[in-house]
file start38.pdb (PDB, C-alpha atoms, pLDDT in the B column)
ATOM      1  CA  MET Z 127     115.993  -0.295 211.172  1.00 52.00           C
ATOM      2  CA  SER Z 128     113.604   1.190 208.581  1.00 60.00           C
ATOM      3  CA  ARG Z 129     114.544   4.141 206.385  1.00 66.00           C
ATOM      4  CA  ASP Z 130     112.452   7.243 205.910  1.00 77.00           C
ATOM      5  CA  ASP Z 131     114.064   8.953 202.921  1.00 81.00           C
ATOM      6  CA  VAL Z 132     113.041  12.548 202.368  1.00 88.00           C
ATOM      7  CA  PHE Z 133     114.803  13.043 199.008  1.00 88.00           C
ATOM      8  CA  LEU Z 134     114.976  10.952 195.830  1.00 87.00           C
ATOM      9  CA  VAL Z 135     117.470  11.347 192.982  1.00 90.00           C
ATOM     10  CA  ARG Z 136     115.629  12.042 189.708  1.00 86.00           C
ATOM     11  CA  HIS Z 137     118.363  12.497 187.105  1.00 85.00           C
ATOM     12  CA  SER Z 138     116.679  11.193 183.967  1.00 84.00           C
ATOM     13  CA  SER Z 139     113.130  10.430 185.098  1.00 84.00           C
ATOM     14  CA  ILE Z 140     110.639  13.023 186.348  1.00 82.00           C
ATOM     15  CA  PRO Z 141     107.585  11.769 188.257  1.00 82.00           C
ATOM     16  CA  ALA Z 142     104.117  12.929 187.253  1.00 85.00           C
ATOM     17  CA  VAL Z 143     102.808  13.328 190.773  1.00 86.00           C
ATOM     18  CA  GLY Z 144      99.025  13.608 190.966  1.00 89.00           C
ATOM     19  CA  GLU Z 145      97.253  16.512 192.637  1.00 88.00           C
ATOM     20  CA  ALA Z 146      97.167  16.082 196.457  1.00 90.00           C
ATOM     21  CA  GLN Z 147      99.399  12.984 196.271  1.00 89.00           C
ATOM     22  CA  ALA Z 148     102.639  12.472 198.175  1.00 86.00           C
ATOM     23  CA  ASP Z 149     106.154  11.800 196.905  1.00 86.00           C
ATOM     24  CA  ARG Z 150     109.696  12.470 198.047  1.00 88.00           C
ATOM     25  CA  ALA Z 151     111.386  15.743 197.214  1.00 88.00           C
ATOM     26  CA  VAL Z 152     113.663  15.658 194.144  1.00 88.00           C
ATOM     27  CA  ILE Z 153     117.435  16.095 194.195  1.00 90.00           C
ATOM     28  CA  ASN Z 154     119.907  15.795 191.325  1.00 89.00           C
ATOM     29  CA  ARG Z 155     122.975  13.539 191.222  1.00 91.00           C
ATOM     30  CA  MET Z 156     125.079  16.286 192.765  1.00 92.00           C
ATOM     31  CA  GLY Z 157     122.840  16.215 195.810  1.00 91.00           C
ATOM     32  CA  PHE Z 158     121.219  19.594 195.183  1.00 92.00           C
ATOM     33  CA  GLN Z 159     117.486  19.960 195.666  1.00 90.00           C
ATOM     34  CA  VAL Z 160     115.632  20.763 192.450  1.00 86.00           C
ATOM     35  CA  VAL Z 161     113.466  23.850 192.981  1.00 88.00           C
ATOM     36  CA  VAL Z 162     111.307  25.615 190.403  1.00 88.00           C
ATOM     37  CA  ASP Z 163     111.261  29.406 190.786  1.00 91.00           C
ATOM     38  CA  PHE Z 164     107.929  30.921 191.714  1.00 92.00           C
ATOM     39  CA  PHE Z 165     107.198  32.674 188.413  1.00 93.00           C
ATOM     40  CA  THR Z 166     108.016  29.611 186.309  1.00 94.00           C
ATOM     41  CA  GLN Z 167     105.757  27.569 188.585  1.00 93.00           C
ATOM     42  CA  LEU Z 168     102.899  30.005 188.006  1.00 94.00           C
ATOM     43  CA  THR Z 169     103.240  29.266 184.291  1.00 95.00           C
ATOM     44  CA  LEU Z 170     103.511  25.510 184.842  1.00 94.00           C
ATOM     45  CA  ALA Z 171     100.369  25.650 186.987  1.00 93.00           C
ATOM     46  CA  GLY Z 172      98.455  27.527 184.289  1.00 95.00           C
ATOM     47  CA  PHE Z 173      98.215  30.887 186.056  1.00 97.00           C
ATOM     48  CA  ALA Z 174     100.182  33.036 183.563  1.00 98.00           C
ATOM     49  CA  TYR Z 175      98.552  34.904 180.659  1.00 98.00           C
ATOM     50  CA  HIS Z 176      99.559  36.811 177.533  1.00 98.00           C
ATOM     51  CA  MET Z 177      98.123  39.853 175.737  1.00 98.00           C
ATOM     52  CA  GLN Z 178      99.521  41.559 172.648  1.00 97.00           C
ATOM     53  CA  LEU Z 179      99.057  44.739 170.668  1.00 95.00           C
ATOM     54  CA  GLY Z 180      99.553  44.240 166.932  1.00 92.00           C
ATOM     55  CA  THR Z 181     100.260  41.074 164.936  1.00 89.00           C
ATOM     56  CA  GLU Z 182     102.870  40.138 162.315  1.00 85.00           C
ATOM     57  CA  ASP Z 183     103.232  43.220 160.080  1.00 82.00           C
ATOM     58  CA  ALA Z 184     100.130  44.987 161.407  1.00 87.00           C
ATOM     59  CA  GLY Z 185     101.168  47.394 164.125  1.00 87.00           C
ATOM     60  CA  VAL Z 186      98.748  49.516 166.153  1.00 92.00           C
ATOM     61  CA  ALA Z 187      98.786  53.274 166.574  1.00 88.00           C
ATOM     62  CA  SER Z 188      99.959  54.623 169.904  1.00 89.00           C
ATOM     63  CA  THR Z 189      98.082  57.176 171.915  1.00 90.00           C
ATOM     64  CA  THR Z 190      99.153  60.802 172.006  1.00 87.00           C
ATOM     65  CA  ALA Z 191     101.434  61.827 174.865  1.00 87.00           C
ATOM     66  CA  ILE Z 192     100.959  59.493 177.840  1.00 90.00           C
ATOM     67  CA  ASP Z 193      97.932  60.596 179.826  1.00 89.00           C
ATOM     68  CA  ASP Z 194      95.920  59.366 182.823  1.00 89.00           C
ATOM     69  CA  ALA Z 195      92.827  58.927 180.675  1.00 93.00           C
ATOM     70  CA  LEU Z 196      94.390  57.024 177.747  1.00 94.00           C
ATOM     71  CA  ALA Z 197      95.972  53.588 177.490  1.00 96.00           C
ATOM     72  CA  SER Z 198      97.152  51.066 174.937  1.00 96.00           C
ATOM     73  CA  MET Z 199      96.427  47.954 177.029  1.00 97.00           C
ATOM     74  CA  VAL Z 200      94.506  47.319 180.238  1.00 98.00           C
ATOM     75  CA  ALA Z 201      93.924  44.232 182.382  1.00 98.00           C
ATOM     76  CA  ASP Z 202      91.194  44.655 185.017  1.00 98.00           C
ATOM     77  CA  ASN Z 203      91.257  42.211 187.917  1.00 98.00           C
ATOM     78  CA  VAL Z 204      88.144  40.997 189.787  1.00 98.00           C
ATOM     79  CA  ALA Z 205      87.174  40.346 193.400  1.00 98.00           C
ATOM     80  CA  GLY Z 206      88.596  37.125 194.786  1.00 97.00           C
ATOM     81  CA  GLN Z 207      91.626  37.112 192.478  1.00 98.00           C
ATOM     82  CA  ALA Z 208      95.236  38.273 192.804  1.00 97.00           C
ATOM     83  CA  MET Z 209      97.140  39.602 189.785  1.00 98.00           C
ATOM     84  CA  MET Z 210     100.859  40.228 189.187  1.00 98.00           C
ATOM     85  CA  PRO Z 211     102.449  41.936 186.157  1.00 98.00           C
ATOM     86  CA  LEU Z 212     105.202  39.756 184.696  1.00 98.00           C
ATOM     87  CA  THR Z 213     106.376  41.473 181.495  1.00 97.00           C
ATOM     88  CA  TYR Z 214     105.594  44.589 179.498  1.00 98.00           C
ATOM     89  CA  GLU Z 215     107.390  45.157 176.185  1.00 96.00           C
ATOM     90  CA  VAL Z 216     106.845  47.871 173.585  1.00 93.00           C
ATOM     91  CA  THR Z 217     108.493  48.027 170.162  1.00 88.00           C
ATOM     92  CA  PRO Z 218     107.906  51.268 168.226  1.00 84.00           C
ATOM     93  CA  GLY Z 219     107.721  50.861 164.472  1.00 75.00           C
ATOM     94  CA  VAL Z 220     107.313  53.718 161.979  1.00 66.00           C
ATOM     95  CA  LEU Z 221     107.883  57.006 163.796  1.00 60.00           C
ATOM     96  CA  ALA Z 222     106.616  59.414 161.127  1.00 59.00           C
ATOM     97  CA  THR Z 223     106.872  62.903 162.652  1.00 66.00           C
ATOM     98  CA  ALA Z 224     106.364  61.898 166.271  1.00 68.00           C
ATOM     99  CA  THR Z 225     108.551  63.169 169.081  1.00 78.00           C
ATOM    100  CA  ILE Z 226     109.066  62.096 172.697  1.00 83.00           C
ATOM    101  CA  VAL Z 227     108.069  58.480 172.155  1.00 87.00           C
ATOM    102  CA  GLN Z 228     107.756  56.590 175.422  1.00 90.00           C
ATOM    103  CA  ALA Z 229     106.088  53.688 177.204  1.00 94.00           C
ATOM    104  CA  MET Z 230     105.017  53.226 180.802  1.00 96.00           C
ATOM    105  CA  LEU Z 231     103.474  50.466 182.914  1.00 98.00           C
ATOM    106  CA  GLU Z 232     101.311  51.363 185.874  1.00 97.00           C
ATOM    107  CA  ALA Z 233      99.062  49.550 188.319  1.00 98.00           C
ATOM    108  CA  ASP Z 234      95.996  50.867 190.105  1.00 98.00           C
ATOM    109  CA  LYS Z 235      95.698  49.065 193.437  1.00 97.00           C
ATOM    110  CA  ASP Z 236      92.163  50.188 194.281  1.00 97.00           C
ATOM    111  CA  LYS Z 237      89.901  50.051 191.228  1.00 97.00           C
ATOM    112  CA  VAL Z 238      89.317  48.763 187.710  1.00 97.00           C
ATOM    113  CA  ARG Z 239      90.108  51.414 185.130  1.00 97.00           C
ATOM    114  CA  TYR Z 240      88.613  50.397 181.774  1.00 98.00           C
ATOM    115  CA  SER Z 241      85.906  52.819 180.644  1.00 97.00           C
ATOM    116  CA  SER Z 242      85.466  52.617 176.852  1.00 97.00           C
ATOM    117  CA  GLY Z 243      87.193  52.189 173.496  1.00 97.00           C
ATOM    118  CA  GLY Z 244      89.742  49.696 172.330  1.00 96.00           C
ATOM    119  CA  THR Z 245      89.007  46.042 171.527  1.00 96.00           C
ATOM    120  CA  ALA Z 246      88.154  43.286 173.985  1.00 98.00           C
ATOM    121  CA  TYR Z 247      90.941  40.726 174.233  1.00 98.00           C
ATOM    122  CA  VAL Z 248      90.908  37.147 175.530  1.00 98.00           C
ATOM    123  CA  PRO Z 249      94.275  36.581 177.254  1.00 98.00           C
ATOM    124  CA  ALA Z 250      96.072  33.437 176.121  1.00 98.00           C
ATOM    125  CA  ASN Z 251      96.986  31.018 178.881  1.00 98.00           C
ATOM    126  CA  MET Z 252     100.730  30.439 178.732  1.00 97.00           C
ATOM    127  CA  ARG Z 253     100.209  26.718 179.342  1.00 96.00           C
ATOM    128  CA  GLY Z 254      99.148  25.137 176.083  1.00 96.00           C
ATOM    129  CA  ASP Z 255      96.163  23.163 177.372  1.00 96.00           C
ATOM    130  CA  ASP Z 256      94.463  26.349 178.682  1.00 95.00           C
ATOM    131  CA  SER Z 257      93.993  24.919 182.164  1.00 93.00           C
ATOM    132  CA  HIS Z 258      92.604  28.202 183.527  1.00 96.00           C
ATOM    133  CA  THR Z 259      90.879  31.277 182.108  1.00 97.00           C
ATOM    134  CA  ALA Z 260      91.668  34.841 183.087  1.00 98.00           C
ATOM    135  CA  SER Z 261      88.894  36.555 185.065  1.00 97.00           C
ATOM    136  CA  GLY Z 262      88.133  40.219 184.444  1.00 98.00           C
ATOM    137  CA  SER Z 263      88.064  42.699 181.573  1.00 97.00           C
ATOM    138  CA  PHE Z 264      90.937  42.900 179.104  1.00 98.00           C
ATOM    139  CA  TYR Z 265      91.343  45.405 176.264  1.00 98.00           C
ATOM    140  CA  VAL Z 266      93.931  46.453 173.702  1.00 97.00           C
ATOM    141  CA  GLY Z 267      94.108  49.738 171.785  1.00 91.00           C
ATOM    142  CA  PRO Z 268      94.186  51.939 169.978  1.00 90.00           C
ATOM    143  CA  ASP Z 269      92.802  54.662 172.228  1.00 85.00           C
ATOM    144  CA  ILE Z 270      91.383  53.004 175.303  1.00 96.00           C
ATOM    145  CA  THR Z 271      89.637  55.500 177.562  1.00 97.00           C
ATOM    146  CA  LEU Z 272      90.261  54.990 181.263  1.00 97.00           C
ATOM    147  CA  ALA Z 273      88.312  55.938 184.364  1.00 97.00           C
ATOM    148  CA  ALA Z 274      89.935  58.430 186.707  1.00 95.00           C
ATOM    149  CA  LYS Z 275      92.886  56.913 188.496  1.00 95.00           C
ATOM    150  CA  THR Z 276      93.238  56.377 192.217  1.00 95.00           C
ATOM    151  CA  ALA Z 277      95.367  59.038 193.852  1.00 94.00           C
ATOM    152  CA  VAL Z 278      99.070  58.335 194.285  1.00 93.00           C
ATOM    153  CA  PRO Z 279     100.445  56.331 196.090  1.00 93.00           C
ATOM    154  CA  ASN Z 280      97.756  53.769 195.267  1.00 95.00           C
ATOM    155  CA  THR Z 281      98.375  54.216 191.563  1.00 96.00           C
ATOM    156  CA  VAL Z 282     101.899  52.909 191.079  1.00 96.00           C
ATOM    157  CA  GLU Z 283     104.196  53.672 188.146  1.00 96.00           C
ATOM    158  CA  LEU Z 284     106.168  50.444 187.800  1.00 97.00           C
ATOM    159  CA  ALA Z 285     108.467  51.332 184.906  1.00 96.00           C
ATOM    160  CA  ARG Z 286     108.938  53.906 182.144  1.00 94.00           C
ATOM    161  CA  LYS Z 287     111.063  53.993 179.002  1.00 92.00           C
ATOM    162  CA  PHE Z 288     111.847  56.858 176.648  1.00 86.00           C
ATOM    163  CA  TYR Z 289     112.664  55.701 173.111  1.00 83.00           C
ATOM    164  CA  ILE Z 290     113.482  58.957 171.382  1.00 76.00           C
ATOM    165  CA  GLU Z 291     112.866  62.680 171.682  1.00 75.00           C
ATOM    166  CA  ASP Z 292     113.489  64.011 168.182  1.00 71.00           C
ATOM    167  CA  THR Z 293     111.517  63.630 164.974  1.00 68.00           C
ATOM    168  CA  ILE Z 294     112.631  60.823 162.632  1.00 64.00           C
ATOM    169  CA  THR Z 295     110.646  60.225 159.455  1.00 63.00           C
ATOM    170  CA  ASP Z 296     109.511  56.704 158.528  1.00 58.00           C
ATOM    171  CA  SER Z 297     112.212  54.857 160.427  1.00 55.00           C
ATOM    172  CA  LEU Z 298     111.930  51.299 161.724  1.00 55.00           C
ATOM    173  CA  GLY Z 299     114.374  50.271 164.409  1.00 52.00           C
ATOM    174  CA  TYR Z 300     116.429  53.485 164.449  1.00 54.00           C
ATOM    175  CA  PRO Z 301     119.132  53.834 165.696  1.00 46.00           C
ATOM    176  CA  GLY Z 302     119.634  50.115 165.094  1.00 44.00           C
ATOM    177  CA  ALA Z 303     117.402  48.402 167.600  1.00 55.00           C
ATOM    178  CA  TRP Z 304     114.999  49.561 170.297  1.00 69.00           C
ATOM    179  CA  GLU Z 305     115.267  47.954 173.725  1.00 80.00           C
ATOM    180  CA  ALA Z 306     111.724  46.586 173.924  1.00 88.00           C
ATOM    181  CA  CYS Z 307     111.504  45.615 177.589  1.00 93.00           C
ATOM    182  CA  VAL Z 308     109.807  48.219 179.755  1.00 95.00           C
ATOM    183  CA  TYR Z 309     109.131  45.996 182.790  1.00 97.00           C
ATOM    184  CA  SER Z 310     110.229  42.486 183.700  1.00 97.00           C
ATOM    185  CA  ILE Z 311     109.533  40.831 187.033  1.00 95.00           C
ATOM    186  CA  ARG Z 312     112.955  39.199 186.671  1.00 92.00           C
ATOM    187  CA  ASN Z 313     114.679  42.513 187.379  1.00 91.00           C
ATOM    188  CA  ARG Z 314     111.996  44.607 189.079  1.00 92.00           C
ATOM    189  CA  GLN Z 315     110.246  44.411 192.430  1.00 92.00           C
ATOM    190  CA  PRO Z 316     107.067  42.271 192.164  1.00 94.00           C
ATOM    191  CA  LEU Z 317     103.668  43.845 192.785  1.00 96.00           C
ATOM    192  CA  VAL Z 318     100.616  41.838 193.866  1.00 97.00           C
ATOM    193  CA  LEU Z 319      97.188  43.331 193.137  1.00 98.00           C
ATOM    194  CA  VAL Z 320      94.263  41.964 195.150  1.00 98.00           C
ATOM    195  CA  ASP Z 321      90.549  42.146 194.234  1.00 98.00           C
ATOM    196  CA  ALA Z 322      89.407  45.067 192.025  1.00 98.00           C
ATOM    197  CA  ALA Z 323      92.564  46.540 190.473  1.00 98.00           C
ATOM    198  CA  SER Z 324      94.181  47.192 187.086  1.00 98.00           C
ATOM    199  CA  ILE Z 325      97.405  46.780 185.148  1.00 98.00           C
ATOM    200  CA  ILE Z 326      97.705  49.523 182.511  1.00 98.00           C
ATOM    201  CA  GLY Z 327     100.124  49.615 179.601  1.00 98.00           C
ATOM    202  CA  HIS Z 328     100.865  53.012 178.041  1.00 96.00           C
ATOM    203  CA  PHE Z 329     102.516  53.672 174.669  1.00 94.00           C
ATOM    204  CA  GLY Z 330     102.456  57.253 173.482  1.00 91.00           C
ATOM    205  CA  ALA Z 331     104.095  59.972 171.409  1.00 87.00           C
ATOM    206  CA  ALA Z 332     103.824  63.702 171.935  1.00 85.00           C
ATOM    207  CA  THR Z 333     103.182  65.031 168.432  1.00 81.00           C
ATOM    208  CA  ALA Z 334     101.875  62.143 166.297  1.00 77.00           C
ATOM    209  CA  ASP Z 335     100.762  58.538 166.655  1.00 81.00           C
ATOM    210  CA  VAL Z 336     103.455  55.884 166.358  1.00 83.00           C
ATOM    211  CA  THR Z 337     102.718  52.490 164.836  1.00 85.00           C
ATOM    212  CA  GLY Z 338     104.096  49.766 167.058  1.00 88.00           C
ATOM    213  CA  TYR Z 339     103.689  46.528 168.960  1.00 92.00           C
ATOM    214  CA  ALA Z 340     103.394  45.574 172.620  1.00 95.00           C
ATOM    215  CA  VAL Z 341     103.185  42.527 174.886  1.00 97.00           C
ATOM    216  CA  LEU Z 342     101.680  42.388 178.368  1.00 98.00           C
ATOM    217  CA  GLN Z 343     102.043  39.201 180.403  1.00 98.00           C
ATOM    218  CA  PHE Z 344     100.616  38.734 183.881  1.00 98.00           C
ATOM    219  CA  ALA Z 345      99.780  36.090 186.459  1.00 98.00           C
ATOM    220  CA  GLN Z 346      96.358  35.695 188.053  1.00 98.00           C
ATOM    221  CA  PHE Z 347      95.339  33.268 190.797  1.00 96.00           C
ATOM    222  CA  ASP Z 348      92.971  32.881 193.760  1.00 96.00           C
ATOM    223  CA  LYS Z 349      93.826  35.553 196.333  1.00 96.00           C
ATOM    224  CA  ALA Z 350      93.585  32.957 199.101  1.00 94.00           C
ATOM    225  CA  LEU Z 351      97.018  31.761 197.934  1.00 92.00           C
ATOM    226  CA  VAL Z 352      98.592  34.996 199.193  1.00 92.00           C
ATOM    227  CA  VAL Z 353      96.077  36.696 201.499  1.00 91.00           C
TER
END

call {"tool": "encode", "arguments": {"input": "start38.pdb", "output": "structure tokens"}}
result
Amino acid sequence: MSRDDVFLVRHSSIPAVGEAQADRAVINRMGFQVVVDFFTQLTLAGFAYHMQLGTEDAGVASTTAIDDALASMVADNVAGQAMMPLTYEVTPGVLATATIVQAMLEADKDKVRYSSGGTAYVPANMRGDDSHTASGSFYVGPDITLAAKTAVPNTVELARKFYIEDTITDSLGYPGAWEACVYSIRNRQPLVLVDAASIIGHFGAATADVTGYAVLQFAQFDKALVV
């Protein structure tokens, strides 16, 4: 009687299975199937990208109070592609005389939002061999001007964080350490944007610009994979 094994133990050897080739599913020595979570697999497949605001000791000025028409980072998707925000982090640096410092991540489901200003940015593929290239328009601040947003509910506020309300002069890291993470797909509901759409990172202060740093990471892939 012939055997038709479905699983194969791979404890210390991992097969490099070619594209569109067959192999048995992998289990470990305890008999559990080895499964890669979806977001890690997007990175392994070369569909995850990274943008950043500021480098090393050179922070970037925030906008004024968060506003529909201003942004610190924007990722505009294109027709035929799907896009998912993965992470948005903001770390305020020198506060000077600013008050009500906050950050917010939003997504516009219906249109691209970049209008003018800022600096064009080439997102880094989070797989080292740069197997894919992000499609669309990508900008970092300071002072990106946005097109008018789509009316709620098709503009979605994904997450918001208030850092401080009161004035603190020339302070870095007060009151000890800022919690940088504004949005993480690991603890928030995922959002999938399809065709023309935008992910928008805000970083603002009500009374004066704040020098700081930010990271926006997102996934982008052919929309046929989900639509």

call {"tool": "atom_distance", "arguments": {"input": "start38.pdb", "atom1": "atom CA of Phe347 of chain Z", "atom2": "atom CA of Leu179 of chain Z"}}
result
23.5 Å

call {"tool": "resolve_selection", "arguments": {"input": "start38.pdb", "expression": "the PyMOL selection byres ((chain Z and resi 225-234) around 6)", "output": "ChimeraX atom specification"}}
result
/Z:224,235-236,281-293,323-333

call {"tool": "write_last_selection", "arguments": {"input": "start38.pdb", "atoms": "C-alpha atoms", "output": "PDB file, in the coordinates of the input"}}
result
ATOM      1  CA  ALA Z 224     106.364  61.898 166.271  1.00 68.00           C
ATOM      2  CA  LYS Z 235      95.698  49.065 193.437  1.00 97.00           C
ATOM      3  CA  ASP Z 236      92.163  50.188 194.281  1.00 97.00           C
ATOM      4  CA  THR Z 281      98.375  54.216 191.563  1.00 96.00           C
ATOM      5  CA  VAL Z 282     101.899  52.909 191.079  1.00 96.00           C
ATOM      6  CA  GLU Z 283     104.196  53.672 188.146  1.00 96.00           C
ATOM      7  CA  LEU Z 284     106.168  50.444 187.800  1.00 97.00           C
ATOM      8  CA  ALA Z 285     108.467  51.332 184.906  1.00 96.00           C
ATOM      9  CA  ARG Z 286     108.938  53.906 182.144  1.00 94.00           C
ATOM     10  CA  LYS Z 287     111.063  53.993 179.002  1.00 92.00           C
ATOM     11  CA  PHE Z 288     111.847  56.858 176.648  1.00 86.00           C
ATOM     12  CA  TYR Z 289     112.664  55.701 173.111  1.00 83.00           C
ATOM     13  CA  ILE Z 290     113.482  58.957 171.382  1.00 76.00           C
ATOM     14  CA  GLU Z 291     112.866  62.680 171.682  1.00 75.00           C
ATOM     15  CA  ASP Z 292     113.489  64.011 168.182  1.00 71.00           C
ATOM     16  CA  THR Z 293     111.517  63.630 164.974  1.00 68.00           C
ATOM     17  CA  ALA Z 323      92.564  46.540 190.473  1.00 98.00           C
ATOM     18  CA  SER Z 324      94.181  47.192 187.086  1.00 98.00           C
ATOM     19  CA  ILE Z 325      97.405  46.780 185.148  1.00 98.00           C
ATOM     20  CA  ILE Z 326      97.705  49.523 182.511  1.00 98.00           C
ATOM     21  CA  GLY Z 327     100.124  49.615 179.601  1.00 98.00           C
ATOM     22  CA  HIS Z 328     100.865  53.012 178.041  1.00 96.00           C
ATOM     23  CA  PHE Z 329     102.516  53.672 174.669  1.00 94.00           C
ATOM     24  CA  GLY Z 330     102.456  57.253 173.482  1.00 91.00           C
ATOM     25  CA  ALA Z 331     104.095  59.972 171.409  1.00 87.00           C
ATOM     26  CA  ALA Z 332     103.824  63.702 171.935  1.00 85.00           C
ATOM     27  CA  THR Z 333     103.182  65.031 168.432  1.00 81.00           C
TER      28      THR Z 333
END

call {"tool": "resolve_selection", "arguments": {"input": "start38.pdb", "expression": "the PyMOL selection byres ((chain Z and resi 183) around 10)", "output": "PDB file with C-alpha atoms, in the coordinates of the input"}}
result
ATOM      1  CA  GLY Z 180      99.553  44.240 166.932  1.00 92.00           C
ATOM      2  CA  THR Z 181     100.260  41.074 164.936  1.00 89.00           C
ATOM      3  CA  GLU Z 182     102.870  40.138 162.315  1.00 85.00           C
ATOM      4  CA  ALA Z 184     100.130  44.987 161.407  1.00 87.00           C
ATOM      5  CA  GLY Z 185     101.168  47.394 164.125  1.00 87.00           C
ATOM      6  CA  VAL Z 186      98.748  49.516 166.153  1.00 92.00           C
ATOM      7  CA  GLY Z 219     107.721  50.861 164.472  1.00 75.00           C
ATOM      8  CA  GLY Z 338     104.096  49.766 167.058  1.00 88.00           C
ATOM      9  CA  TYR Z 339     103.689  46.528 168.960  1.00 92.00           C
TER      10      TYR Z 339
END

call {"tool": "residues_around", "arguments": {"input": "start38.pdb", "residues": "Asp202 of chain Z", "least_positions_apart": "2", "cutoff": "9 Å", "atoms": "only C-alpha atoms", "output": "PDB file with C-alpha atoms, in the coordinates of the input"}}
result
ATOM      1  CA  VAL Z 200      94.506  47.319 180.238  1.00 98.00           C
ATOM      2  CA  VAL Z 204      88.144  40.997 189.787  1.00 98.00           C
ATOM      3  CA  LYS Z 237      89.901  50.051 191.228  1.00 97.00           C
ATOM      4  CA  VAL Z 238      89.317  48.763 187.710  1.00 97.00           C
ATOM      5  CA  ARG Z 239      90.108  51.414 185.130  1.00 97.00           C
ATOM      6  CA  TYR Z 240      88.613  50.397 181.774  1.00 98.00           C
ATOM      7  CA  SER Z 261      88.894  36.555 185.065  1.00 97.00           C
ATOM      8  CA  GLY Z 262      88.133  40.219 184.444  1.00 98.00           C
ATOM      9  CA  SER Z 263      88.064  42.699 181.573  1.00 97.00           C
ATOM     10  CA  PHE Z 264      90.937  42.900 179.104  1.00 98.00           C
ATOM     11  CA  TYR Z 265      91.343  45.405 176.264  1.00 98.00           C
ATOM     12  CA  ALA Z 322      89.407  45.067 192.025  1.00 98.00           C
ATOM     13  CA  ALA Z 323      92.564  46.540 190.473  1.00 98.00           C
ATOM     14  CA  SER Z 324      94.181  47.192 187.086  1.00 98.00           C
ATOM     15  CA  ILE Z 325      97.405  46.780 185.148  1.00 98.00           C
ATOM     16  CA  ILE Z 326      97.705  49.523 182.511  1.00 98.00           C
TER      17      ILE Z 326
END

call {"tool": "residues_around", "arguments": {"input": "start38.pdb", "residues": "segment 129-145 of chain Z", "least_positions_apart": "4", "cutoff": "12 Å", "atoms": "only C-alpha atoms", "output": "NGL selection string"}}
result
:Z and (149-160 or 171)

call {"tool": "residues_around", "arguments": {"input": "start38.pdb", "residues": "segment 243-255 of chain Z", "least_positions_apart": "6", "cutoff": "8 Å", "atoms": "all atoms listed in the file", "output": "mmCIF file with C-alpha atoms, keeping the file's coordinate frame"}}
result
data_model
loop_
_atom_site.group_PDB
_atom_site.id
_atom_site.type_symbol
_atom_site.label_atom_id
_atom_site.label_comp_id
_atom_site.auth_asym_id
_atom_site.auth_seq_id
_atom_site.Cartn_x
_atom_site.Cartn_y
_atom_site.Cartn_z
ATOM 1 C CA THR Z 169 103.240 29.266 184.291
ATOM 2 C CA LEU Z 170 103.511 25.510 184.842
ATOM 3 C CA ALA Z 171 100.369 25.650 186.987
ATOM 4 C CA GLY Z 172 98.455 27.527 184.289
ATOM 5 C CA PHE Z 173 98.215 30.887 186.056
ATOM 6 C CA ALA Z 174 100.182 33.036 183.563
ATOM 7 C CA TYR Z 175 98.552 34.904 180.659
ATOM 8 C CA HIS Z 176 99.559 36.811 177.533
ATOM 9 C CA MET Z 177 98.123 39.853 175.737
ATOM 10 C CA SER Z 198 97.152 51.066 174.937
ATOM 11 C CA SER Z 263 88.064 42.699 181.573
ATOM 12 C CA PHE Z 264 90.937 42.900 179.104
ATOM 13 C CA TYR Z 265 91.343 45.405 176.264
ATOM 14 C CA VAL Z 266 93.931 46.453 173.702
ATOM 15 C CA GLY Z 267 94.108 49.738 171.785
ATOM 16 C CA PRO Z 268 94.186 51.939 169.978
ATOM 17 C CA ASP Z 269 92.802 54.662 172.228
ATOM 18 C CA ILE Z 270 91.383 53.004 175.303
ATOM 19 C CA THR Z 271 89.637 55.500 177.562
#

call {"tool": "atom_distance", "arguments": {"input": "start38.pdb", "atom1": "atom CA of Ala273 of chain Z", "atom2": "atom CA of Leu351 of chain Z"}}
result
29.1 Å

call {"tool": "axis_aligned_box", "arguments": {"input": "start38.pdb", "around": "segment 201-208 of chain Z", "padding_each_side": "5 Å", "output": "AutoDock Vina command-line options"}}
result
--center_x 91.2 --center_y 40.9 --center_z 188.6 --size_x 18.1 --size_y 17.5 --size_z 22.4

call {"tool": "resolve_selection", "arguments": {"input": "start38.pdb", "expression": "the PyMOL selection byres ((chain Z and resi 207) around 9)", "output": "PyMOL selection string"}}
result
chain Z and resi 203-206+208-209+261+319-322+346-350

call {"tool": "write_last_selection", "arguments": {"input": "start38.pdb", "atoms": "C-alpha atoms", "output": "mmCIF file, in the frame of the given file"}}
result
data_model
loop_
_atom_site.group_PDB
_atom_site.id
_atom_site.type_symbol
_atom_site.label_atom_id
_atom_site.label_comp_id
_atom_site.auth_asym_id
_atom_site.auth_seq_id
_atom_site.Cartn_x
_atom_site.Cartn_y
_atom_site.Cartn_z
ATOM 1 C CA ASN Z 203 91.257 42.211 187.917
ATOM 2 C CA VAL Z 204 88.144 40.997 189.787
ATOM 3 C CA ALA Z 205 87.174 40.346 193.400
ATOM 4 C CA GLY Z 206 88.596 37.125 194.786
ATOM 5 C CA ALA Z 208 95.236 38.273 192.804
ATOM 6 C CA MET Z 209 97.140 39.602 189.785
ATOM 7 C CA SER Z 261 88.894 36.555 185.065
ATOM 8 C CA LEU Z 319 97.188 43.331 193.137
ATOM 9 C CA VAL Z 320 94.263 41.964 195.150
ATOM 10 C CA ASP Z 321 90.549 42.146 194.234
ATOM 11 C CA ALA Z 322 89.407 45.067 192.025
ATOM 12 C CA GLN Z 346 96.358 35.695 188.053
ATOM 13 C CA PHE Z 347 95.339 33.268 190.797
ATOM 14 C CA ASP Z 348 92.971 32.881 193.760
ATOM 15 C CA LYS Z 349 93.826 35.553 196.333
ATOM 16 C CA ALA Z 350 93.585 32.957 199.101
#

call {"tool": "atom_distance", "arguments": {"input": "start38.pdb", "atom1": "atom CA of Ser188 of chain Z", "atom2": "atom CA of Ala340 of chain Z"}}
result
10.1 Å
